[in-house]
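**Student:** Below: one structure in structure tokens.
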Amino acid sequence: MPAVNPAEPSAPAVEAAPMDTEEHEPRSGQTPDSSTGLPSELNVLQQVADEARHKLEQLQDHHERDLQRQAWRDAAAAAQAAVTHYARAKRLNRYEVEKRLRQIVRHSSR
């Protein structure tokens with residue numbers, strides 16, 4: 001009987017497709033940003049997560065930091081879930097979508 005390595009999937013993941021840089025059709029309720037090609041919802045969620053992280057870095061009080069850390073985790077989880085959903089729906093590499101989104105959001109906020 002051949003050994004099965006659970007770390008190796010039997011088939012490539014849907015998310016393994018390279019990121020297409022062309023504008024994509026949004027799912028219902030998402031409006032694409034004409035300058036990025038990504039839904040504006042993703043941009044907003046990433047901005048909220050980045051702002052929550054920045055606020056966390058500014059806090060000194062232990063209790064406030066704990067509360068803000070949870071807010072940051074929640075915001076980051078929402079952004080991750082949206083990126084994952086979008087990437088799967090468009091059959092794109094989730095990592096590439098996330099990377100592009102972070103570059104767009106972080107460079108536009110400077």
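Labels for the structure tokens follow display order: chains A, B, ..., residues from 1 in each chain, ligands from 1.
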Quick one: everything within 12 Å of A:Gln103, counting only C-alpha atoms, minus sequence neighbours fewer than 3 positions away in the same chain. Send it as a list in words.
**Tutor:**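 Counting only the stated atoms, we get Thr36, Asn43, Gln46, Gln47, Asp50, Glu96, Val97, Glu98, Lys99, Arg100, Arg106, His107, Ser108, Ser109 and Arg110 of chain A.
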**Student:** Create the file for the chosen residues now, containing N, CA, C and O atoms and written as a PDB file, in the first residue's frame.
**Tutor:**
ATOM      1  N   THR A  36      -7.908  49.751  -9.333  1.00  0.00           N
ATOM      2  CA  THR A  36      -7.249  48.542  -8.829  1.00  0.00           C
ATOM      3  C   THR A  36      -7.770  47.266  -9.450  1.00  0.00           C
ATOM      4  O   THR A  36      -7.078  46.261  -9.466  1.00  0.00           O
ATOM      5  N   ASN A  43     -10.869  46.764  -0.356  1.00  0.00           N
ATOM      6  CA  ASN A  43     -10.033  47.902   0.029  1.00  0.00           C
ATOM      7  C   ASN A  43     -10.448  48.446   1.388  1.00  0.00           C
ATOM      8  O   ASN A  43      -9.602  48.704   2.244  1.00  0.00           O
ATOM      9  N   GLN A  46      -9.504  46.020   4.291  1.00  0.00           N
ATOM     10  CA  GLN A  46      -8.069  46.044   4.572  1.00  0.00           C
ATOM     11  C   GLN A  46      -7.675  47.343   5.269  1.00  0.00           C
ATOM     12  O   GLN A  46      -6.856  47.340   6.183  1.00  0.00           O
ATOM     13  N   GLN A  47      -8.273  48.458   4.862  1.00  0.00           N
ATOM     14  CA  GLN A  47      -7.990  49.734   5.528  1.00  0.00           C
ATOM     15  C   GLN A  47      -8.405  49.694   6.992  1.00  0.00           C
ATOM     16  O   GLN A  47      -7.673  50.164   7.869  1.00  0.00           O
ATOM     17  N   ASP A  50      -5.881  47.618   8.914  1.00  0.00           N
ATOM     18  CA  ASP A  50      -4.629  48.346   9.087  1.00  0.00           C
ATOM     19  C   ASP A  50      -4.773  49.460  10.133  1.00  0.00           C
ATOM     20  O   ASP A  50      -3.871  49.678  10.943  1.00  0.00           O
ATOM     21  N   GLU A  96      -1.847  36.007  -3.919  1.00  0.00           N
ATOM     22  CA  GLU A  96      -1.587  37.103  -4.857  1.00  0.00           C
ATOM     23  C   GLU A  96      -2.627  38.220  -4.709  1.00  0.00           C
ATOM     24  O   GLU A  96      -2.288  39.396  -4.800  1.00  0.00           O
ATOM     25  N   VAL A  97      -3.895  37.853  -4.495  1.00  0.00           N
ATOM     26  CA  VAL A  97      -4.941  38.863  -4.282  1.00  0.00           C
ATOM     27  C   VAL A  97      -4.629  39.656  -3.019  1.00  0.00           C
ATOM     28  O   VAL A  97      -4.680  40.890  -3.009  1.00  0.00           O
ATOM     29  N   GLU A  98      -4.305  38.942  -1.940  1.00  0.00           N
ATOM     30  CA  GLU A  98      -3.997  39.599  -0.669  1.00  0.00           C
ATOM     31  C   GLU A  98      -2.777  40.512  -0.801  1.00  0.00           C
ATOM     32  O   GLU A  98      -2.772  41.648  -0.315  1.00  0.00           O
ATOM     33  N   LYS A  99      -1.751  40.032  -1.453  1.00  0.00           N
ATOM     34  CA  LYS A  99      -0.527  40.811  -1.643  1.00  0.00           C
ATOM     35  C   LYS A  99      -0.830  42.098  -2.413  1.00  0.00           C
ATOM     36  O   LYS A  99      -0.402  43.186  -2.017  1.00  0.00           O
ATOM     37  N   ARG A 100      -1.568  41.966  -3.485  1.00  0.00           N
ATOM     38  CA  ARG A 100      -1.907  43.132  -4.306  1.00  0.00           C
ATOM     39  C   ARG A 100      -2.778  44.110  -3.514  1.00  0.00           C
ATOM     40  O   ARG A 100      -2.560  45.322  -3.557  1.00  0.00           O
ATOM     41  N   ARG A 106      -1.867  50.135   1.277  1.00  0.00           N
ATOM     42  CA  ARG A 106      -0.787  50.756   2.042  1.00  0.00           C
ATOM     43  C   ARG A 106      -0.064  51.833   1.261  1.00  0.00           C
ATOM     44  O   ARG A 106       0.430  52.797   1.844  1.00  0.00           O
ATOM     45  N   HIS A 107      -0.014  51.737  -0.057  1.00  0.00           N
ATOM     46  CA  HIS A 107       0.624  52.785  -0.840  1.00  0.00           C
ATOM     47  C   HIS A 107      -0.295  53.974  -1.080  1.00  0.00           C
ATOM     48  O   HIS A 107       0.161  55.086  -1.217  1.00  0.00           O
ATOM     49  N   SER A 108      -1.595  53.721  -1.102  1.00  0.00           N
ATOM     50  CA  SER A 108      -2.546  54.821  -1.323  1.00  0.00           C
ATOM     51  C   SER A 108      -2.767  55.638  -0.062  1.00  0.00           C
ATOM     52  O   SER A 108      -3.193  56.781  -0.126  1.00  0.00           O
ATOM     53  N   SER A 109      -2.464  55.054   1.117  1.00  0.00           N
ATOM     54  CA  SER A 109      -2.695  55.767   2.373  1.00  0.00           C
ATOM     55  C   SER A 109      -1.517  56.655   2.762  1.00  0.00           C
ATOM     56  O   SER A 109      -1.563  57.337   3.759  1.00  0.00           O
ATOM     57  N   ARG A 110      -0.462  56.624   2.006  1.00  0.00           N
ATOM     58  CA  ARG A 110       0.726  57.433   2.319  1.00  0.00           C
ATOM     59  C   ARG A 110       0.644  58.788   1.706  1.00  0.00           C
ATOM     60  O   ARG A 110       0.097  59.108   0.781  1.00  0.00           O
TER      61      ARG A 110
END
**Student:** For atom CA of A:His54 and atom CA of A:Ala87, quote the distance in Å rounded to one decimal.
**Tutor:**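 Spanning atom CA of A:His54 to atom CA of A:Ala87 is a straight-line distance of 26.3 Å.
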**Student:** Tell me, as a list in words, which residues lie within 9 Å of A:Arg69, counting only C-alpha atoms; anything in the same chain fewer than 4 positions away does not count.
**Tutor:**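 Using only C-alpha atoms, the neighbours found are Ala52, Arg53, Leu56, Glu64, Arg65, Arg73 and Asp74 of chain A.
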**Student:** Please, what distance in Å, to one decimal, runs between atom CA of A:Leu45 and atom CA of A:Ala77?
**Tutor:**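 One can read the atom CA of A:Leu45 to atom CA of A:Ala77 distance as 9.5 Å.
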**Student:** Using Å and a single decimal, report how far atom CA of A:Arg91 sits from atom CA of A:Ala49.
**Tutor:**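 These two atoms are separated by 24.3 Å.
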**Student:** Determine which residues of stretch 33-91 of chain A DSSP labels as alpha helix (DSSP H) from the backbone of this structure, then write them out as a VMD selection string.
**Tutor:** chain A and resid 40 to 58 62 to 90
